$ cat start28.csv   # CSV, C-alpha atoms and all ligand atoms
chain,number,residue,atom,x,y,z
L,1,MET,CA,121.3,136.4,124.0
L,2,MET,CA,119.2,136.4,127.1
L,3,ALA,CA,121.8,137.0,129.7
L,4,ASP,CA,120.1,139.9,131.5
L,5,ILE,CA,116.6,138.5,131.5
L,6,PRO,CA,115.7,136.2,134.5
L,7,PRO,CA,114.4,132.9,133.2
L,8,LEU,CA,110.7,132.1,133.6
L,9,LEU,CA,111.5,128.5,134.5
L,10,SER,CA,114.8,127.2,135.8
L,11,VAL,CA,115.3,123.5,136.2
L,12,GLU,CA,118.2,122.7,138.5
L,13,ASN,CA,119.8,119.3,139.0
L,14,LEU,CA,116.5,117.5,138.4
L,15,HIS,CA,116.5,113.8,139.2
L,16,THR,CA,113.5,111.6,138.8
L,17,ARG,CA,113.6,108.0,140.0
L,18,PHE,CA,111.1,105.1,139.9
L,19,ASP,CA,111.1,102.0,142.1
L,20,THR,CA,110.4,99.0,139.9
L,21,MET,CA,110.3,95.3,140.6
L,22,ASP,CA,113.8,95.0,139.1
L,23,GLY,CA,115.4,97.9,140.8
L,24,VAL,CA,115.6,101.7,140.8
L,25,VAL,CA,115.3,103.4,137.4
L,26,THR,CA,116.7,106.9,137.1
L,27,ALA,CA,114.7,108.3,134.2
L,28,VAL,CA,116.0,111.9,134.5
L,29,ASP,CA,119.5,112.2,135.9
L,30,GLY,CA,120.6,115.6,137.0
L,31,ILE,CA,119.5,117.9,134.2
L,32,ASP,CA,119.6,121.8,134.2
L,33,PHE,CA,118.0,124.2,131.8
L,34,GLU,CA,116.1,127.4,131.6
L,35,VAL,CA,113.1,128.7,129.7
L,36,TYR,CA,112.6,132.3,128.9
L,37,ALA,CA,109.4,134.2,128.5
L,38,GLY,CA,107.9,134.0,125.1
L,39,GLU,CA,110.5,131.6,123.6
L,40,THR,CA,110.0,128.1,122.1
L,41,LEU,CA,112.5,125.6,123.5
L,42,GLY,CA,112.7,122.2,121.8
L,43,LEU,CA,113.4,119.1,123.9
L,44,VAL,CA,114.5,116.3,121.6
L,45,GLY,CA,115.7,112.7,121.7
L,46,GLU,CA,114.5,109.2,121.0
L,47,SER,CA,111.6,107.6,123.0
L,48,GLY,CA,112.7,106.7,126.5
L,49,CYS,CA,115.3,109.4,126.8
L,50,GLY,CA,113.5,111.2,129.6
L,51,LYS,CA,111.8,114.1,127.8
L,52,SER,CA,108.2,113.3,128.9
L,53,VAL,CA,109.3,112.4,132.4
L,54,THR,CA,111.0,115.8,132.6
L,55,ALA,CA,107.8,117.6,131.7
L,56,LEU,CA,105.7,115.5,134.1
L,57,SER,CA,108.2,116.0,136.9
L,58,ILE,CA,108.1,119.8,136.4
L,59,LEU,CA,104.3,119.8,137.0
L,60,ARG,CA,104.4,116.9,139.5
L,61,LEU,CA,102.0,115.0,137.3
L,62,LEU,CA,103.8,111.6,137.4
L,63,ARG,CA,101.1,108.9,137.8
L,64,CYS,CA,103.3,106.0,138.9
L,65,PRO,CA,104.3,106.5,142.5
L,66,PRO,CA,106.5,105.9,144.3
L,67,ALA,CA,108.6,108.3,142.2
L,68,ALA,CA,111.2,110.5,143.8
L,69,ILE,CA,111.7,113.9,142.2
L,70,GLU,CA,114.8,115.8,143.5
L,71,GLY,CA,116.4,119.1,142.6
L,72,ARG,CA,114.7,122.5,142.1
L,73,VAL,CA,112.2,123.7,139.5
L,74,LEU,CA,111.9,127.4,139.9
L,75,PHE,CA,109.0,129.1,138.2
L,76,GLU,CA,109.3,132.9,138.5
L,77,GLY,CA,111.4,132.1,141.6
L,78,ARG,CA,109.0,129.7,143.3
L,79,ASP,CA,110.1,126.1,143.7
L,80,LEU,CA,107.3,124.0,142.2
L,81,LEU,CA,108.8,120.9,143.9
L,82,GLN,CA,108.3,122.4,147.4
L,83,MET,CA,104.7,123.7,146.9
L,84,ASP,CA,101.9,122.1,148.8
L,85,SER,CA,99.3,120.4,146.7
L,86,ASP,CA,96.8,123.3,146.6
L,87,ALA,CA,99.5,125.7,145.4
L,88,ILE,CA,100.8,123.4,142.6
L,89,ARG,CA,97.2,122.8,141.5
L,90,ALA,CA,96.7,126.5,141.2
L,91,VAL,CA,99.8,126.8,139.0
L,92,ARG,CA,98.7,124.0,136.7
L,93,GLY,CA,96.3,125.2,134.1
L,94,SER,CA,96.5,128.9,135.1
L,95,GLU,CA,100.2,129.6,134.9
L,96,ILE,CA,101.7,126.5,133.3
L,97,SER,CA,99.6,124.2,131.0
L,98,MET,CA,100.4,120.8,129.5
L,99,ILE,CA,99.3,119.4,126.1
L,100,PHE,CA,99.6,115.7,125.7
L,101,GLN,CA,100.2,113.5,122.7
L,102,GLU,CA,96.8,111.6,122.8
L,103,PRO,CA,94.0,114.0,123.6
L,104,MET,CA,91.4,111.2,124.1
L,105,THR,CA,93.2,110.1,127.2
L,106,SER,CA,93.3,113.7,128.6
L,107,LEU,CA,89.8,114.7,127.7
L,108,ASN,CA,87.0,113.6,130.0
L,109,PRO,CA,84.7,111.4,127.7
L,110,VAL,CA,81.6,112.1,129.8
L,111,LEU,CA,81.9,115.9,129.9
L,112,ARG,CA,80.9,118.3,127.1
L,113,ILE,CA,83.9,119.9,125.4
L,114,GLY,CA,82.6,123.4,126.4
L,115,GLU,CA,82.4,122.4,130.1
L,116,GLN,CA,86.0,121.0,130.0
L,117,ILE,CA,87.3,124.4,128.8
L,118,ALA,CA,84.9,126.4,131.1
L,119,GLU,CA,85.9,124.5,134.2
L,120,GLY,CA,89.5,125.9,134.2
L,121,ILE,CA,88.2,129.4,133.6
L,122,ARG,CA,85.7,129.1,136.4
L,123,VAL,CA,88.2,127.7,138.9
L,124,HIS,CA,91.3,129.8,138.0
L,125,GLN,CA,89.6,133.1,137.0
L,126,ARG,CA,86.6,132.9,139.3
L,127,ARG,CA,84.1,133.6,136.5
L,128,THR,CA,80.4,132.7,136.6
L,129,ARG,CA,79.2,129.7,134.8
L,130,PRO,CA,77.6,131.7,131.8
L,131,GLU,CA,80.8,133.8,131.5
L,132,SER,CA,83.0,130.8,131.5
L,133,TRP,CA,80.9,129.1,128.9
L,134,ARG,CA,81.0,132.2,126.7
L,135,ARG,CA,84.8,132.3,127.1
L,136,ALA,CA,85.0,128.5,126.2
L,137,VAL,CA,83.1,129.1,123.0
L,138,GLU,CA,85.4,132.0,122.2
L,139,MET,CA,88.4,129.7,122.8
L,140,LEU,CA,86.9,127.1,120.4
L,141,ARG,CA,86.6,129.8,117.8
L,142,LYS,CA,90.2,130.9,118.4
L,143,VAL,CA,91.4,127.4,117.7
L,144,GLN,CA,89.3,127.3,114.5
L,145,ILE,CA,86.7,124.8,115.5
L,146,PRO,CA,83.8,125.3,113.0
L,147,SER,CA,80.4,126.2,114.6
L,148,PRO,CA,81.9,126.6,118.1
L,149,ASP,CA,78.5,127.3,119.7
L,150,SER,CA,77.1,123.9,118.9
L,151,ARG,CA,80.4,122.1,119.1
L,152,ALA,CA,80.9,123.3,122.7
L,153,ALA,CA,77.8,121.3,123.7
L,154,GLN,CA,79.2,118.0,122.2
L,155,TYR,CA,81.1,115.2,123.8
L,156,PRO,CA,84.7,114.4,122.8
L,157,HIS,CA,83.8,111.2,120.8
L,158,LYS,CA,81.9,113.4,118.3
L,159,PHE,CA,85.2,115.2,117.5
L,160,SER,CA,87.9,114.1,115.0
L,161,GLY,CA,91.5,113.6,116.3
L,162,GLY,CA,92.5,117.0,115.0
L,163,MET,CA,89.5,118.7,116.6
L,164,ARG,CA,90.2,117.0,119.9
L,165,GLN,CA,93.8,118.3,119.8
L,166,ARG,CA,92.5,121.8,119.0
L,167,SER,CA,90.2,121.5,122.0
L,168,MET,CA,93.2,120.5,124.2
L,169,ILE,CA,95.0,123.6,123.0
L,170,ALA,CA,91.9,125.7,123.9
L,171,ILE,CA,92.0,124.1,127.4
L,172,ALA,CA,95.7,124.8,127.7
L,173,LEU,CA,95.4,128.4,126.6
L,174,CYS,CA,92.1,129.4,128.2
L,175,CYS,CA,93.6,131.0,131.3
L,176,GLY,CA,96.5,132.7,129.5
L,177,PRO,CA,99.4,130.6,130.9
L,178,LYS,CA,102.9,131.9,130.7
L,179,LEU,CA,104.3,128.5,129.8
L,180,ILE,CA,103.0,125.5,127.9
L,181,LEU,CA,104.7,122.1,128.1
L,182,ALA,CA,103.6,120.4,124.8
L,183,ASP,CA,104.5,116.7,124.8
L,184,GLU,CA,104.5,115.4,121.2
L,185,PRO,CA,101.3,117.4,120.5
L,186,THR,CA,100.9,116.3,116.9
L,187,THR,CA,102.4,112.8,116.9
L,188,ALA,CA,99.0,111.0,116.9
L,189,LEU,CA,97.7,113.0,114.0
L,190,ASP,CA,98.1,112.6,110.3
L,191,VAL,CA,100.7,114.7,108.5
L,192,THR,CA,98.4,117.5,107.1
L,193,ILE,CA,96.6,117.9,110.4
L,194,GLN,CA,100.0,117.9,112.2
L,195,ALA,CA,101.1,120.9,110.2
L,196,GLN,CA,97.8,122.8,110.8
L,197,ILE,CA,97.9,122.2,114.6
L,198,MET,CA,101.6,123.3,114.8
L,199,ASN,CA,100.8,126.4,112.8
L,200,LEU,CA,97.8,127.1,115.1
L,201,MET,CA,99.9,126.6,118.2
L,202,MET,CA,102.7,128.9,117.0
L,203,ARG,CA,100.2,131.6,116.0
L,204,LEU,CA,98.5,131.6,119.3
L,205,LYS,CA,101.8,131.4,121.2
L,206,GLU,CA,102.8,134.7,119.4
L,207,GLU,CA,99.5,136.3,120.0
L,208,LEU,CA,99.5,135.4,123.7
L,209,GLN,CA,103.2,135.7,124.3
L,210,THR,CA,103.4,132.3,125.9
L,211,ALA,CA,106.6,130.3,126.2
L,212,ILE,CA,106.5,126.7,125.0
L,213,VAL,CA,108.7,123.7,125.8
L,214,LEU,CA,108.1,121.5,122.8
L,215,ILE,CA,108.9,117.9,123.4
L,216,THR,CA,109.3,115.9,120.2
L,217,HIS,CA,111.4,113.4,118.4
L,218,ASP,CA,110.7,115.3,115.1
L,219,LEU,CA,113.6,117.5,114.2
L,220,GLY,CA,111.6,118.9,111.2
L,221,VAL,CA,109.1,120.4,113.7
L,222,ILE,CA,112.0,121.8,115.8
L,223,ALA,CA,113.7,123.4,112.8
L,224,GLU,CA,110.5,125.3,112.0
L,225,THR,CA,109.4,126.3,115.4
L,226,ALA,CA,112.1,126.4,118.1
L,227,SER,CA,114.6,129.1,118.8
L,228,ARG,CA,116.8,126.9,121.1
L,229,VAL,CA,117.2,123.1,121.4
L,230,ILE,CA,118.1,120.7,124.2
L,231,VAL,CA,119.1,117.2,123.2
L,232,MET,CA,118.6,114.4,125.7
L,233,TYR,CA,120.0,110.9,125.8
L,234,ALA,CA,119.3,108.2,128.4
L,235,GLY,CA,118.1,110.7,131.0
L,236,LYS,CA,120.9,113.3,130.5
L,237,ILE,CA,121.3,116.5,128.5
L,238,VAL,CA,124.0,115.9,125.9
L,239,GLU,CA,123.8,119.1,123.9
L,240,GLU,CA,122.2,122.6,123.9
L,241,ALA,CA,122.3,125.1,121.1
L,242,PRO,CA,120.4,127.8,119.3
L,243,VAL,CA,118.4,126.0,116.7
L,244,ARG,CA,120.4,127.2,113.7
L,245,GLU,CA,123.7,126.3,115.2
L,246,LEU,CA,122.5,122.9,116.1
L,247,PHE,CA,121.5,122.2,112.5
L,248,LYS,CA,124.6,123.8,111.1
L,249,ASP,CA,127.2,122.5,113.5
L,250,PRO,CA,125.9,119.6,115.7
L,251,ARG,CA,128.8,118.8,118.1
L,252,HIS,CA,127.7,115.7,119.9
L,253,PRO,CA,127.9,112.4,118.0
L,254,TYR,CA,124.3,111.6,119.1
L,255,THR,CA,123.0,114.9,117.7
L,256,GLN,CA,125.0,114.2,114.5
L,257,GLY,CA,123.4,110.8,114.3
L,258,LEU,CA,119.9,112.2,114.9
L,259,LEU,CA,120.4,114.8,112.2
L,260,GLY,CA,121.8,112.2,109.8
L,261,SER,CA,118.8,109.9,110.3
L,262,VAL,CA,116.0,112.3,109.3
L,263,PRO,CA,115.4,114.4,106.2
L,264,VAL,CA,115.0,118.0,107.3
L,265,ILE,CA,113.5,120.6,105.0
L,266,GLY,CA,116.0,123.4,104.2
L,267,ARG,CA,119.1,121.2,105.1
L,268,ARG,CA,120.8,119.9,101.9
L,269,GLN,CA,122.0,116.3,102.0
L,270,ARG,CA,125.4,115.9,100.4
L,271,SER,CA,124.9,114.4,97.0
L,272,GLY,CA,124.8,110.7,97.0
L,273,ARG,CA,124.7,110.6,100.8
L,274,ARG,CA,122.1,108.4,102.2
L,275,LEU,CA,120.2,109.0,105.5
L,276,GLN,CA,121.9,107.0,108.2
L,277,GLU,CA,120.2,105.3,111.2
L,278,ILE,CA,121.9,105.4,114.6
L,279,PRO,CA,123.0,101.8,115.2
L,280,GLY,CA,121.8,100.0,118.4
L,281,MET,CA,119.2,101.0,120.9
L,282,VAL,CA,118.7,103.4,123.8
L,283,PRO,CA,120.1,101.6,126.8
L,284,ASN,CA,117.9,99.7,129.3
L,285,PRO,CA,117.5,102.2,132.2
L,286,LEU,CA,118.4,99.4,134.6
L,287,GLN,CA,121.6,98.7,132.8
L,288,VAL,CA,123.1,102.0,131.8
L,289,PRO,CA,126.6,101.6,130.4
L,290,PRO,CA,129.5,103.0,132.4
L,291,GLY,CA,131.2,106.2,131.2
L,292,CYS,CA,129.4,108.0,128.4
L,293,ARG,CA,125.9,106.4,128.1
L,294,PHE,CA,126.1,106.7,124.3
L,295,ASN,CA,129.4,104.9,124.0
L,296,PRO,CA,128.1,101.5,122.7
L,297,ARG,CA,126.5,103.4,119.8
L,298,CYS,CA,129.1,106.1,119.2
L,299,PRO,CA,131.2,105.8,116.1
L,300,LYS,CA,133.8,108.1,117.7
L,301,ALA,CA,134.1,106.4,121.1
L,302,MET,CA,137.5,106.4,122.8
L,303,PRO,CA,138.8,104.3,125.7
L,304,VAL,CA,138.0,107.1,128.2
L,305,CYS,CA,134.4,107.1,127.0
L,306,CYS,CA,133.8,103.6,128.4
L,307,SER,CA,135.0,104.4,131.9
L,308,LYS,CA,134.3,108.1,132.8
L,309,PRO,CA,131.2,110.1,132.2
L,310,PRO,CA,132.0,113.1,130.0
L,311,PRO,CA,132.0,116.6,131.5
L,312,MET,CA,129.6,119.2,130.3
L,313,ILE,CA,131.7,121.7,128.2
L,314,ARG,CA,130.2,125.2,127.9
L,315,LEU,CA,131.1,126.7,124.5
L,316,ALA,CA,129.0,129.9,124.8
L,317,GLU,CA,125.8,131.1,126.3
L,318,HIS,CA,123.2,128.4,125.7
L,319,ARG,CA,125.8,126.3,123.8
L,320,ARG,CA,127.1,123.3,125.7
L,321,VAL,CA,128.1,119.7,124.9
L,322,SER,CA,128.7,116.7,127.1
L,323,CYS,CA,131.4,114.7,125.2
L,324,TRP,CA,135.0,113.7,125.7
L,325,LEU,CA,135.9,115.0,122.2
L,326,GLU,CA,134.9,118.5,123.3
L,327,ALA,CA,136.7,118.1,126.6
L,328,GLU,CA,139.9,117.1,124.8
L,329,GLY,CA,139.5,120.0,122.3
L,330,ALA,CA,139.0,122.5,125.2
L,331,LYS,CA,142.1,121.1,126.9
L,332,ARG,CA,144.3,121.4,123.8
L,333,GLU,CA,143.0,125.0,123.3
L,334,SER,CA,143.8,126.1,126.8
L,335,SER,CA,147.3,124.6,126.7
L,336,GLY,CA,147.9,126.5,123.4
L,337,ARG,CA,148.7,123.4,121.3
S,401,LIG,FE1,131.1,109.4,121.8
S,401,LIG,FE2,132.9,109.5,123.7
S,401,LIG,FE3,131.6,111.7,123.0
S,401,LIG,FE4,130.3,109.7,124.3
S,401,LIG,S1,132.0,111.0,125.1
S,401,LIG,S2,129.6,110.9,122.5
S,401,LIG,S3,131.3,107.9,123.4
S,401,LIG,S4,133.0,110.5,121.8
$ encode --input "start28.csv" --output "structure tokens"
Amino acid sequence: MMADIPPLLSVENLHTRFDTMDGVVTAVDGIDFEVYAGETLGLVGESGCGKSVTALSILRLLRCPPAAIEGRVLFEGRDLLQMDSDAIRAVRGSEISMIFQEPMTSLNPVLRIGEQIAEGIRVHQRRTRPESWRRAVEMLRKVQIPSPDSRAAQYPHKFSGGMRQRSMIAIALCCGPKLILADEPTTALDVTIQAQIMNLMMRLKEELQTAIVLITHDLGVIAETASRVIVMYAGKIVEEAPVRELFKDPRHPYTQGLLGSVPVIGRRQRSGRRLQEIPGMVPNPLQVPPGCRFNPRCPKAMPVCCSKPPPMIRLAEHRRVSCWLEAEGAKRESSGR
């Protein structure tokens, strides 16, 4: 699919650990993935599976030190984890932007919206104040804020939730980044506004040819926007697939559980079949079960699942599953049985 094109972002063996009063928590445990220019990659899983920590680790934005981040995060060949603080600051906002779930915590309440957009333009593109302001107003128009000239001069508290998230999108896109990390960008909004914001993001993404890593627990959003999906569970990647294949033929029991627990437009439920919840809870990161981390909740668990972590089985390019069932299947296939 994308074999000959070098990835824009390559995450290699990423580990993120936090020291807590009760011990060391490994929130992200040795994950690898790539993002290609212009694509939308979905990163899905329940709360606490390590999706947001992954995005914050990529941009080194974790706020609760001491956190140890190990591995490599190559952006166009440069390792973001090895950059000095000036260099990583230059990458943030100009080449990679992040959109957070709750815009009110990311917007500065005492700065006018226009100034918050213009600041990035001034710093990263070295424009004059009047030029940056004009560009900020243009960005507000692009994200469909009505009366952008007067709105640019207002403070965030005058904006509705949807308008604040549109402003965050304007801030994220104002310098034309090559990659956006969008962490549950619509979760805090009501359903109609969610759809409008997602449509807007996808339209602008196409127009500006930006790649997006879309972090969400909402498989409906993934079905409509992503081309490829990575499923995470308890800090690890358990499955990767092109979006259609994931919905048509989910291989990991956790993915199967996720798909069985949500109604997805376009996917027909078998008649009389009710949506199922995955029993149990995501494990406490201080007490991760041995073997496969999903084993206490897995309806297909076997004895080996409780003692040995499953290997990652590669089925095709961008198609991999970490499950003993696949490993057993691969073994049978290679022995010709
Ligand atoms: Fe279930 Fe075992 Fe596969 Fe884990 S490795 S998902 S417990 S079958």
$ closest_residue --input "start28.csv" --among "L:Met104, L:Leu246, L:Ile197, L:Ile237" --to "ligand LIG 401 (chain S)" --atoms "all atoms listed in the file"
L:Ile237
$ closest_residue --input "start28.csv" --among "L:Leu315, L:Ala241, L:Leu80, L:Ala234" --to "ligand LIG 401 (chain S)" --atoms "only C-alpha atoms and all ligand atoms"
L:Ala234
$ residues_near_ligand --input "start28.csv" --ligand "ligand LIG 401 (chain S)" --cutoff "9 Å" --atoms "all atoms listed in the file" --output "VMD selection string"
chain L and resid 238 252 to 254 291 to 306 308 to 311 321 to 327
$ closest_atom_pairs --input "start28.csv" --of "range 111-214 of chain L" --to "range 8-28 of chain L" --cutoff "12 Å" --atoms "all atoms listed in the file" --output "Markdown table"
| residue | atom | partner | partner_atom | distance |
| --- | --- | --- | --- | --- |
| L:Pro177 | CA | L:Leu8 | CA | 11.7 |
| L:Lys178 | CA | L:Leu8 | CA | 8.3 |
| L:Leu179 | CA | L:Leu8 | CA | 8.3 |
| L:Ile180 | CA | L:Leu9 | CA | 11.2 |
| L:Leu181 | CA | L:Leu9 | CA | 11.3 |
| L:Thr210 | CA | L:Leu8 | CA | 10.6 |
| L:Ala211 | CA | L:Leu8 | CA | 8.6 |
| L:Ile212 | CA | L:Leu9 | CA | 10.9 |
| L:Val213 | CA | L:Leu9 | CA | 10.3 |
$ atom_distance --input "start28.csv" --atom1 "CA of Leu59 in chain L" --atom2 "CA of Lys142 in chain L"
25.8 Å
$ closest_residue --input "start28.csv" --among "L:Glu245, L:Asp218, L:Glu240, L:Glu333" --to "Gly45 in chain L" --atoms "only C-alpha atoms"
L:Asp218
$ closest_residue --input "start28.csv" --among "L:Val229, L:Ile171, L:Ile99, L:Ala118" --to "Ala153 in chain L" --atoms "only C-alpha atoms"
L:Ala118
$ closest_residue --input "start28.csv" --among "L:Val191, L:Leu41, L:Leu81, L:Glu277" --to "Ser57 in chain L" --atoms "only C-alpha atoms"
L:Leu81
$ residues_around --input "start28.csv" --residues "Arg203 in chain L" --least-positions-apart "5" --cutoff "12 Å" --atoms "all atoms listed in the file" --output "list of chain:residue names"
L:Lys142, L:Val143, L:Gln144, L:Ile169, L:Gln196, L:Ile197, L:Met198, L:Leu208, L:Gln209, L:Thr210, L:Thr225
$ atom_distance --input "start28.csv" --atom1 "CA of Glu70 in chain L" --atom2 "CA of Pro285 in chain L"
17.9 Å
$ closest_residue --input "start28.csv" --among "L:Arg127, L:Pro103, L:Ile117, L:Cys174" --to "Leu189 in chain L" --atoms "all atoms listed in the file"
L:Pro103
$ atom_distance --input "start28.csv" --atom1 "CA of His318 in chain L" --atom2 "CA of Glu95 in chain L"
24.8 Å
$ residues_near_point --input "start28.csv" --point "(100.9, 119.4, 119.1)" --cutoff "10 Å" --atoms "all atoms listed in the file" --output "MDAnalysis selection string"
chainID L and resid 99:103 162 165:166 168:169 182:189 193:202 214:216 221
$ residues_around --input "start28.csv" --residues "Ser167 in chain L" --least-positions-apart "4" --cutoff "10 Å" --atoms "only C-alpha atoms" --output "NGL selection string"
:L and (103 or 107 or 113-114 or 116-117 or 136 or 139-141 or 143-145 or 152 or 156 or 159 or 161-163 or 171-173)
$ residues_near_point --input "start28.csv" --point "(115.1, 120.4, 122.2)" --cutoff "6 Å" --atoms "only C-alpha atoms" --output "JSON, numbers by chain"
{"L": [41, 42, 43, 44, 229, 230, 231]}
